[in-house]
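Novice: Here you go, my_file.json (JSON, C-alpha atoms):
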```json
[["chain", "number", "residue", "atom", "x", "y", "z"],
["A", 30, "MET", "CA", 166.59, -20.16, 170.82],
["A", 31, "SER", "CA", 170.09, -18.80, 171.44],
["A", 32, "ASP", "CA", 173.17, -20.90, 172.18],
["A", 33, "ARG", "CA", 173.42, -19.30, 175.58],
["A", 34, "TYR", "CA", 169.92, -20.42, 176.50],
["A", 35, "THR", "CA", 170.62, -23.93, 175.20],
["A", 36, "GLU", "CA", 173.61, -24.11, 177.56],
["A", 37, "VAL", "CA", 171.41, -22.94, 180.42],
["A", 38, "ILE", "CA", 168.90, -25.74, 179.83],
["A", 39, "MET", "CA", 171.56, -28.42, 179.45],
["A", 40, "GLY", "CA", 173.33, -27.28, 182.59],
["A", 41, "GLY", "CA", 170.17, -27.32, 184.72],
["A", 42, "ALA", "CA", 168.66, -30.65, 183.65],
["A", 43, "GLU", "CA", 168.17, -31.93, 187.22],
["A", 44, "GLU", "CA", 166.61, -28.70, 188.43],
["A", 45, "LYS", "CA", 164.36, -28.55, 185.38],
["A", 46, "ALA", "CA", 163.15, -32.10, 186.06],
["A", 47, "THR", "CA", 162.38, -31.16, 189.66],
["A", 48, "LEU", "CA", 160.45, -28.09, 188.52],
["A", 49, "ALA", "CA", 158.54, -30.15, 185.94],
["A", 50, "SER", "CA", 157.52, -32.47, 188.77],
["A", 51, "VAL", "CA", 156.24, -29.45, 190.76],
["A", 52, "TYR", "CA", 154.26, -28.20, 187.75],
["A", 53, "SER", "CA", 152.70, -31.62, 187.13],
["A", 54, "GLN", "CA", 151.22, -31.76, 190.65],
["A", 55, "GLY", "CA", 148.65, -29.11, 189.78],
["A", 56, "THR", "CA", 149.03, -27.50, 193.21],
["A", 57, "GLU", "CA", 147.61, -24.00, 193.60],
["A", 58, "PRO", "CA", 150.26, -21.30, 194.20],
["A", 59, "VAL", "CA", 150.27, -19.87, 197.73],
["A", 60, "LEU", "CA", 151.55, -16.39, 198.60],
["A", 61, "VAL", "CA", 154.31, -16.84, 201.19],
["A", 62, "SER", "CA", 155.65, -13.33, 201.75],
["A", 63, "VAL", "CA", 155.99, -9.82, 200.34],
["A", 64, "SER", "CA", 159.25, -7.85, 200.25],
["A", 65, "ASP", "CA", 159.59, -4.87, 202.60],
["A", 66, "ASN", "CA", 159.20, -2.41, 199.72],
["A", 67, "GLY", "CA", 156.20, -4.30, 198.34],
["A", 68, "ARG", "CA", 157.72, -4.78, 194.88],
["A", 69, "ASP", "CA", 158.40, -8.53, 194.98],
["A", 70, "GLU", "CA", 156.46, -11.57, 196.17],
["A", 71, "ALA", "CA", 157.47, -15.10, 197.15],
["A", 72, "TRP", "CA", 154.99, -17.81, 196.12],
["A", 73, "GLY", "CA", 155.12, -21.48, 197.01],
["A", 74, "ILE", "CA", 154.04, -24.35, 194.76],
["A", 75, "GLY", "CA", 154.64, -27.70, 196.37],
["A", 76, "THR", "CA", 158.32, -27.76, 197.35],
["A", 77, "ALA", "CA", 159.31, -24.89, 195.03],
["A", 78, "LEU", "CA", 159.45, -21.20, 195.90],
["A", 79, "PHE", "CA", 159.03, -18.56, 193.19],
["A", 80, "VAL", "CA", 159.98, -14.89, 193.46],
["A", 81, "VAL", "CA", 157.99, -12.72, 191.04],
["A", 82, "PRO", "CA", 157.25, -8.98, 190.66],
["A", 83, "ALA", "CA", 154.24, -7.80, 192.63],
["A", 84, "ILE", "CA", 151.38, -6.21, 190.72],
["A", 85, "PRO", "CA", 151.14, -2.59, 191.95],
["A", 86, "PRO", "CA", 147.63, -1.68, 193.20],
["A", 87, "ASP", "CA", 147.57, 1.36, 190.90],
["A", 88, "ALA", "CA", 149.11, -0.31, 187.86],
["A", 89, "SER", "CA", 147.77, 0.60, 184.43],
["A", 90, "PRO", "CA", 145.66, -2.08, 182.71],
["A", 91, "THR", "CA", 148.50, -2.74, 180.25],
["A", 92, "LEU", "CA", 151.11, -3.20, 182.99],
["A", 93, "GLU", "CA", 148.77, -5.33, 185.11],
["A", 94, "TYR", "CA", 148.05, -7.64, 182.17],
["A", 95, "ALA", "CA", 151.75, -8.01, 181.35],
["A", 96, "LEU", "CA", 152.64, -8.87, 184.95],
["A", 97, "ARG", "CA", 149.80, -11.37, 185.21],
["A", 98, "VAL", "CA", 150.90, -13.12, 182.02],
["A", 99, "ARG", "CA", 154.47, -13.20, 183.33],
["A", 100, "ARG", "CA", 153.38, -14.53, 186.73],
["A", 101, "GLU", "CA", 151.19, -17.24, 185.21],
["A", 102, "ALA", "CA", 154.06, -18.30, 182.96],
["A", 103, "SER", "CA", 156.35, -18.65, 185.98],
["A", 104, "PHE", "CA", 153.76, -20.73, 187.85],
["A", 105, "THR", "CA", 152.91, -23.04, 184.95],
["A", 106, "GLY", "CA", 156.20, -23.22, 183.04],
["A", 107, "ARG", "CA", 154.69, -21.95, 179.80],
["A", 108, "CYS", "CA", 153.69, -18.51, 178.56],
["A", 109, "SER", "CA", 150.07, -18.37, 177.40],
["A", 110, "GLU", "CA", 150.89, -15.58, 174.94],
["A", 111, "CYS", "CA", 154.09, -16.64, 173.17],
["A", 112, "ASN", "CA", 154.34, -20.32, 174.27],
["A", 113, "ALA", "CA", 157.84, -19.89, 175.73],
["A", 114, "THR", "CA", 158.81, -22.68, 178.14],
["A", 115, "VAL", "CA", 160.88, -22.48, 181.28],
["A", 116, "GLY", "CA", 164.59, -23.19, 181.57],
["A", 117, "MET", "CA", 166.79, -23.46, 184.66],
["A", 118, "ARG", "CA", 170.17, -22.15, 185.77],
["A", 119, "THR", "CA", 171.66, -23.27, 189.11],
["A", 120, "PHE", "CA", 173.86, -20.55, 190.53],
["A", 121, "ALA", "CA", 174.28, -21.51, 194.20],
["A", 122, "SER", "CA", 173.95, -24.36, 196.66],
["A", 123, "ALA", "CA", 173.58, -24.35, 200.44],
["A", 124, "SER", "CA", 173.37, -27.42, 202.66],
["A", 125, "GLY", "CA", 172.61, -29.56, 199.65],
["A", 126, "ILE", "CA", 169.73, -27.33, 198.54],
["A", 127, "GLY", "CA", 170.09, -26.00, 195.01],
["A", 128, "VAL", "CA", 169.18, -22.38, 194.37],
["A", 129, "SER", "CA", 168.22, -21.82, 190.75],
["A", 130, "ALA", "CA", 166.99, -19.08, 188.47],
["A", 131, "SER", "CA", 164.19, -20.00, 186.09],
["A", 132, "GLU", "CA", 164.28, -18.29, 182.72],
["A", 133, "LEU", "CA", 161.49, -17.88, 180.19],
["A", 134, "PRO", "CA", 162.73, -16.72, 176.76],
["A", 135, "HIS", "CA", 159.62, -14.72, 175.88],
["A", 136, "ARG", "CA", 159.45, -13.40, 172.37],
["A", 137, "ASN", "CA", 160.39, -9.74, 172.03],
["A", 138, "ASN", "CA", 156.81, -8.81, 171.10],
["A", 139, "CYS", "CA", 155.34, -10.75, 174.05],
["A", 140, "SER", "CA", 153.76, -8.50, 176.69],
["A", 141, "ALA", "CA", 155.52, -10.50, 179.43],
["A", 142, "SER", "CA", 159.04, -10.10, 178.01],
["A", 143, "ASP", "CA", 161.77, -8.29, 179.92],
["A", 144, "GLU", "CA", 161.92, -5.67, 177.17],
["A", 145, "ASN", "CA", 158.25, -4.85, 177.69],
["A", 146, "VAL", "CA", 157.70, -5.30, 181.44],
["A", 147, "GLY", "CA", 160.97, -3.77, 182.64],
["A", 148, "PRO", "CA", 160.55, -0.23, 181.22],
["A", 149, "GLN", "CA", 156.84, -0.15, 182.12],
["A", 150, "LEU", "CA", 157.54, -1.13, 185.70],
["A", 151, "SER", "CA", 160.36, 1.41, 186.00],
["A", 152, "ARG", "CA", 158.15, 4.22, 184.67],
["A", 153, "HIS", "CA", 155.35, 3.22, 187.03],
["A", 154, "TYR", "CA", 157.50, 3.31, 190.17],
["A", 155, "GLU", "CA", 159.16, 6.53, 189.04],
["A", 156, "LYS", "CA", 155.74, 8.17, 188.64],
["A", 157, "SER", "CA", 154.56, 6.69, 191.95],
["A", 158, "SER", "CA", 157.58, 8.15, 193.78],
["A", 159, "ARG", "CA", 156.48, 11.64, 192.72],
["A", 160, "GLN", "CA", 152.99, 11.24, 194.22],
["A", 161, "THR", "CA", 152.15, 12.12, 197.82],
["A", 162, "VAL", "CA", 150.47, 9.68, 200.18],
["A", 163, "GLU", "CA", 147.35, 11.88, 200.10],
["A", 164, "GLN", "CA", 147.15, 11.63, 196.30],
["A", 165, "LYS", "CA", 147.53, 7.85, 196.42],
["A", 166, "VAL", "CA", 144.86, 7.49, 199.12],
["A", 167, "LYS", "CA", 142.46, 9.68, 197.14],
["A", 168, "ALA", "CA", 142.99, 7.57, 194.03],
["A", 169, "SER", "CA", 142.46, 4.33, 195.99],
["A", 170, "SER", "CA", 139.26, 5.79, 197.52],
["A", 171, "ILE", "CA", 137.87, 6.47, 194.04],
["A", 172, "LYS", "CA", 138.77, 2.95, 192.96],
["A", 173, "ALA", "CA", 137.13, 1.48, 196.09],
["A", 174, "ARG", "CA", 133.97, 3.52, 195.47],
["A", 175, "GLN", "CA", 133.74, 2.32, 191.86],
["A", 176, "ARG", "CA", 134.16, -1.29, 192.97],
["A", 177, "THR", "CA", 131.50, -1.13, 195.70],
["A", 178, "GLU", "CA", 129.07, 0.64, 193.39],
["A", 179, "SER", "CA", 129.33, -2.29, 190.99],
["A", 180, "ILE", "CA", 128.02, -4.70, 193.66],
["A", 181, "PRO", "CA", 124.35, -5.61, 192.96],
["A", 182, "HIS", "CA", 121.90, -3.86, 195.31],
["A", 183, "GLU", "CA", 120.45, -7.18, 196.49],
["A", 184, "ASN", "CA", 123.89, -8.13, 197.84],
["A", 185, "ARG", "CA", 124.42, -5.05, 200.00],
["A", 186, "VAL", "CA", 122.62, -2.93, 202.56],
["A", 187, "ALA", "CA", 122.25, 0.79, 201.92],
["A", 188, "ILE", "CA", 122.75, 2.60, 205.23],
["A", 189, "ARG", "CA", 120.48, 5.66, 205.40],
["A", 190, "ASN", "CA", 119.82, 5.81, 209.13],
["A", 191, "PRO", "CA", 122.08, 8.43, 210.86],
["A", 192, "GLU", "CA", 122.47, 6.18, 213.91],
["A", 193, "PHE", "CA", 123.87, 3.39, 211.76],
["A", 194, "LYS", "CA", 126.14, 5.78, 209.86],
["A", 195, "LYS", "CA", 127.61, 6.93, 213.17],
["A", 196, "TRP", "CA", 128.01, 3.29, 214.20],
["A", 197, "ALA", "CA", 129.87, 2.50, 210.94],
["A", 198, "ILE", "CA", 132.59, 5.04, 211.75],
["A", 199, "THR", "CA", 132.99, 3.64, 215.27],
["A", 200, "PHE", "CA", 133.02, 0.10, 213.88],
["A", 201, "LEU", "CA", 135.81, 1.05, 211.45],
["A", 202, "ASP", "CA", 137.85, 2.46, 214.34],
["A", 203, "GLU", "CA", 137.46, -0.87, 216.15],
["A", 204, "MET", "CA", 138.55, -2.82, 213.06],
["A", 205, "LEU", "CA", 141.63, -0.58, 212.79],
["A", 206, "SER", "CA", 142.55, -0.92, 216.46],
["A", 207, "PRO", "CA", 146.32, -1.64, 216.73],
["A", 208, "GLN", "CA", 145.62, -4.24, 219.42],
["A", 209, "SER", "CA", 143.62, -6.49, 217.10],
["A", 210, "ARG", "CA", 144.58, -5.32, 213.60],
["A", 211, "GLU", "CA", 146.11, -7.82, 211.18],
["A", 212, "MET", "CA", 146.93, -7.12, 207.55],
["A", 213, "CYS", "CA", 148.45, -8.68, 204.45],
["A", 214, "GLY", "CA", 152.06, -8.03, 203.45],
["A", 215, "HIS", "CA", 151.05, -5.67, 200.65],
["A", 216, "LEU", "CA", 149.32, -3.31, 203.08],
["A", 217, "GLU", "CA", 152.27, -3.46, 205.46],
["A", 218, "ALA", "CA", 154.53, -2.36, 202.59],
["A", 219, "ASN", "CA", 152.13, 0.25, 201.18],
["A", 220, "VAL", "CA", 149.23, 1.60, 203.24],
["A", 221, "ALA", "CA", 148.13, 4.02, 200.49],
["A", 222, "GLN", "CA", 145.77, 1.62, 198.74],
["A", 223, "ALA", "CA", 142.34, 0.05, 199.30],
["A", 224, "TRP", "CA", 141.87, -1.83, 202.59],
["A", 225, "ASN", "CA", 139.37, -4.72, 202.58],
["A", 226, "ILE", "CA", 138.12, -6.79, 205.49],
["A", 227, "ILE", "CA", 135.59, -9.57, 206.02],
["A", 228, "THR", "CA", 134.29, -8.95, 209.53],
["A", 229, "ALA", "CA", 133.98, -12.69, 210.25],
["A", 230, "ASP", "CA", 137.73, -13.01, 209.58],
["A", 231, "LYS", "CA", 139.05, -9.65, 210.89],
["A", 232, "VAL", "CA", 142.14, -9.47, 208.64],
["A", 233, "TRP", "CA", 142.72, -6.45, 206.39],
["A", 234, "ARG", "CA", 143.73, -7.30, 202.82],
["A", 235, "CYS", "CA", 144.61, -5.39, 199.66],
["A", 236, "ASP", "CA", 142.34, -5.76, 196.63],
["A", 237, "GLU", "CA", 144.28, -8.69, 195.20],
["A", 238, "CYS", "CA", 144.64, -10.65, 198.45],
["A", 239, "HIS", "CA", 140.97, -9.97, 199.18],
["A", 240, "ALA", "CA", 139.96, -11.40, 195.79],
["A", 241, "TYR", "CA", 142.08, -14.53, 196.37],
["A", 242, "TYR", "CA", 140.59, -14.95, 199.85],
["A", 243, "GLN", "CA", 137.00, -14.64, 198.59],
["A", 244, "GLU", "CA", 137.74, -17.25, 195.93],
["A", 245, "SER", "CA", 139.13, -19.60, 198.60],
["A", 246, "ILE", "CA", 135.91, -19.19, 200.61],
["A", 247, "LYS", "CA", 133.78, -20.00, 197.54],
["A", 248, "LYS", "CA", 135.85, -23.15, 196.90],
["A", 249, "GLY", "CA", 135.42, -24.24, 200.52],
["A", 250, "GLU", "CA", 139.16, -24.04, 201.19],
["A", 251, "VAL", "CA", 138.62, -21.57, 204.04],
["A", 252, "GLU", "CA", 136.10, -22.15, 206.82],
["A", 253, "LEU", "CA", 134.84, -19.09, 208.66],
["A", 254, "SER", "CA", 133.59, -19.31, 212.22],
["A", 255, "ILE", "CA", 129.86, -20.11, 212.17],
["A", 256, "ARG", "CA", 129.39, -17.85, 215.18],
["A", 257, "GLU", "CA", 131.13, -14.95, 213.48],
["A", 258, "GLU", "CA", 129.60, -15.56, 210.07],
["A", 259, "PHE", "CA", 126.02, -15.49, 211.37],
["A", 260, "THR", "CA", 126.36, -12.74, 213.98],
["A", 261, "CYS", "CA", 124.88, -9.33, 213.22],
["A", 262, "ASP", "CA", 127.65, -6.74, 213.15],
["A", 263, "PHE", "CA", 125.34, -4.10, 214.66],
["A", 264, "CYS", "CA", 123.40, -5.82, 217.47],
["A", 265, "ASP", "CA", 125.76, -8.82, 217.97],
["A", 266, "LYS", "CA", 122.86, -11.27, 217.87],
["A", 267, "PHE", "CA", 123.35, -14.72, 216.34],
["A", 268, "SER", "CA", 120.83, -14.80, 213.52],
["A", 269, "ALA", "CA", 120.08, -16.61, 210.29],
["A", 270, "PRO", "CA", 119.71, -15.47, 207.64],
["A", 271, "ILE", "CA", 122.18, -12.60, 207.67],
["A", 272, "GLU", "CA", 121.74, -9.79, 205.14],
["A", 273, "PRO", "CA", 125.00, -9.08, 203.20],
["A", 274, "LEU", "CA", 126.58, -5.77, 204.18],
["A", 275, "VAL", "CA", 129.26, -3.74, 202.42],
["A", 276, "ILE", "CA", 130.42, -0.49, 204.04],
["A", 277, "ARG", "CA", 132.91, 1.84, 202.36],
["A", 278, "ILE", "CA", 134.49, 4.73, 204.21],
["A", 279, "ASP", "CA", 137.12, 6.43, 202.03],
["A", 280, "ASN", "CA", 139.50, 3.63, 200.98],
["A", 281, "PHE", "CA", 138.31, 1.19, 203.68],
["A", 282, "VAL", "CA", 135.81, -1.49, 202.59],
["A", 283, "MET", "CA", 134.17, -3.73, 205.21],
["A", 284, "SER", "CA", 132.11, -6.79, 204.23],
["A", 285, "GLY", "CA", 129.86, -8.24, 206.90],
["A", 286, "GLY", "CA", 126.20, -8.71, 207.65],
["A", 287, "PHE", "CA", 123.13, -7.43, 209.50],
["A", 288, "CYS", "CA", 120.24, -9.41, 210.90],
["A", 289, "THR", "CA", 116.92, -8.79, 209.14],
["A", 290, "GLU", "CA", 115.70, -6.29, 211.75],
["A", 291, "CYS", "CA", 118.89, -4.22, 211.71],
["A", 292, "ALA", "CA", 119.05, -4.33, 207.91],
["A", 293, "LYS", "CA", 115.55, -2.82, 207.69],
["A", 294, "ALA", "CA", 116.34, -0.21, 210.35],
["A", 295, "ALA", "CA", 119.60, 0.77, 208.62],
["A", 296, "GLN", "CA", 117.78, 1.41, 205.35],
["A", 297, "ARG", "CA", 115.08, 3.50, 207.00],
["A", 298, "ALA", "CA", 115.74, 7.11, 206.11],
["A", 299, "PRO", "CA", 114.99, 9.76, 208.77],
["A", 300, "GLN", "CA", 111.60, 11.38, 208.38],
["A", 301, "THR", "CA", 111.71, 15.01, 207.39],
["A", 302, "ARG", "CA", 109.35, 17.48, 209.01],
["A", 303, "LYS", "CA", 106.71, 18.74, 206.62],
["A", 304, "VAL", "CA", 106.22, 22.49, 206.50],
["A", 305, "LYS", "CA", 102.65, 23.54, 205.91],
["A", 306, "SER", "CA", 102.28, 25.83, 202.94],
["A", 307, "ARG", "CA", 100.11, 28.91, 203.13],
["A", 308, "GLY", "CA", 96.74, 28.36, 201.50],
["A", 309, "LYS", "CA", 95.54, 30.49, 198.61],
["A", 310, "ASN", "CA", 92.62, 31.89, 200.52],
["A", 311, "ARG", "CA", 94.62, 32.84, 203.58],
["A", 312, "ARG", "CA", 94.71, 36.52, 204.41],
["A", 313, "LYS", "CA", 97.90, 38.09, 203.16],
["A", 314, "ARG", "CA", 99.97, 40.30, 205.36],
["A", 315, "ARG", "CA", 99.28, 43.97, 204.93]]
```
Represent the supplied structure as C-alpha cells.

Specialist:
Amino acid sequence: MSDRYTEVIMGGAEEKATLASVYSQGTEPVLVSVSDNGRDEAWGIGTALFVVPAIPPDASPTLEYALRVRREASFTGRCSECNATVGMRTFASASGIGVSASELPHRNNCSASDENVGPQLSRHYEKSSRQTVEQKVKASSIKARQRTESIPHENRVAIRNPEFKKWAITFLDEMLSPQSREMCGHLEANVAQAWNIITADKVWRCDECHAYYQESIKKGEVELSIREEFTCDFCDKFSAPIEPLVIRIDNFVMSGGFCTECAKAAQRAPQTRKVKSRGKNRRKRR
C-alpha cells in the first residue's frame, strides 16, 4: 500500500466508517439513474450513492467480467479477485453533506484494476463509435435470437399460425406506442440493443435490467397485477393457467402468455393442399 493511499484512508476515517455501516446492512443495490450517454450508472445502497461504469450491452466477455468484478467490489467494499478493500477521500461538502470518492487499490494484475479496465473500455467505445446503428441493431438481433433459442420448449409457445404471426407484429406496434411506452435508462441512452418487455408490466428493459427485474419477481419483491398476469395476450380473456409465451421480432423480445385454447391454435400450422400424383397406369399424353 502506498503512502498516498495511507493518507487517503486516514483523512477519510469518518466517511469510511459511514460506508462500512452501509455495507454491513446487507441492502441490495438499486439502480437509480443512467447518464445521458449511457456510460455511467448511479446505484443506491441504503443512504449511499455509487457511480460506476455501465456494462455495455455489446461488451466482450473479458470486459464484461472485469466491469462486474469492479462493480461488485464497489458495492461490497472488497474485491473478490485481489482482496483489495475500499478507502475514502472527501473532496467536497455541500449543506453539511460530504461528497467522497471511494478508492479500491486493485493489484495491477487484477482484472478490475484501472490499468486493465480503462484501456479495454476506451477501445470498446472507440470501436462502437465506428459502427452504424444498423450494424448494432443487427448484432443485438442475433444476440436476442440466441437467447430466446436457449429457452426450453416447454416454457414458450411456437407460433406457426399465420393469423397469430400477423397479430404478433400488431401487438409489437402497440407495445412500442409512444403514448404508453416506458423504458429503462439504458434504452433511452442507446436504442441499438435488445429490447425486452413483460407484457403484464409493459416497461421495456435492456438485457441487464430485464434480468434484474425477473430476479426480483422470483424473489417476490415485485408483484404483478393478477389481472394482467393471467390475461391471454391474444384473446384478452382472464384464464388460468396461462401458457408462457416468448415472441422475438428482430431485437424486440416480448414475454407474456396465451390461454390454453390460443396456445394450441397458435401452434397449429396451416394445412397444405395435397396435389394428387399421376398414377402409374394412367394414360400418358401422346

Novice: In Å to one decimal, how far is CA of Ala223 (chain A) from CA of Thr56 (chain A)?

Specialist: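 Distance between the two atoms: 29.0 Å.
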
Novice: Point out the residue among A:Pro299, A:Pro86, A:Gly73, A:Pro58 with the least atom-to-atom distance to Glu101 (chain A), counting all atoms listed in the file.

Specialist: A:Pro58

Novice: Taking all atoms listed in the file into account, name the residue in A:Gln149, A:Ser284, A:Asn138, A:Thr289 that is nearest to Leu201 (chain A).

Specialist: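 Checking each of A:Gln149, A:Ser284, A:Asn138, A:Thr289 against Leu201 (chain A), counting all atoms listed in the file, the winner is A:Ser284.
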
Novice: Write out as a list in words which residues come within 9 Å of region 262-271 of chain A when counting only C-alpha atoms, dropping same-chain ones fewer than 2 positions away.

Specialist: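 Non-adjacent residues within range: Phe193, Trp196, Ala197, Phe200, Thr228, Arg256, Glu257, Glu258, Phe259, Thr260, Pro273, Leu274, Gly285, Gly286, Phe287, Cys288, Thr289, Cys291 and Ala292 of chain A.
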
Novice: Out of A:Pro134, A:Gly55, A:Pro207, A:Gly106, which residue has the shortest atom-to-atom distance to Phe79 (chain A) when counting only C-alpha atoms?

Specialist: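 Residue with the minimum atom-to-atom distance to Phe79 (chain A): A:Gly106.
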
Novice: Let me make sure I understand: among A:Val162, A:Ile74, A:Ile227, A:Val232, which one has the smallest atom-to-atom distance to Ile246 (chain A) if we use only C-alpha atoms?

Specialist: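 With only C-alpha atoms as the atom set, the closest residue is A:Ile227.
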
Novice: So which residues touch Pro191 (chain A) within 12 Å, counting only C-alpha atoms, skipping near sequence neighbours fewer than 5 positions away, as a ChimeraX atom specification?

Specialist: /A:196-198,294-300

Novice: Take the residues from that selection and put them in a file with C-alpha atoms, as a PDB file, in the coordinates of the input.

Specialist:
```pdb
ATOM      1  CA  TRP A 196     128.010   3.290 214.200  1.00  0.00           C
ATOM      2  CA  ALA A 197     129.870   2.500 210.940  1.00  0.00           C
ATOM      3  CA  ILE A 198     132.590   5.040 211.750  1.00  0.00           C
ATOM      4  CA  ALA A 294     116.340  -0.210 210.350  1.00  0.00           C
ATOM      5  CA  ALA A 295     119.600   0.770 208.620  1.00  0.00           C
ATOM      6  CA  GLN A 296     117.780   1.410 205.350  1.00  0.00           C
ATOM      7  CA  ARG A 297     115.080   3.500 207.000  1.00  0.00           C
ATOM      8  CA  ALA A 298     115.740   7.110 206.110  1.00  0.00           C
ATOM      9  CA  PRO A 299     114.990   9.760 208.770  1.00  0.00           C
ATOM     10  CA  GLN A 300     111.600  11.380 208.380  1.00  0.00           C
TER      11      GLN A 300
END
```

Novice: Expressed in Å to a single decimal, how great is the separation between CA of Pro90 (chain A) and CA of Phe104 (chain A)?

Specialist: 21.0 Å
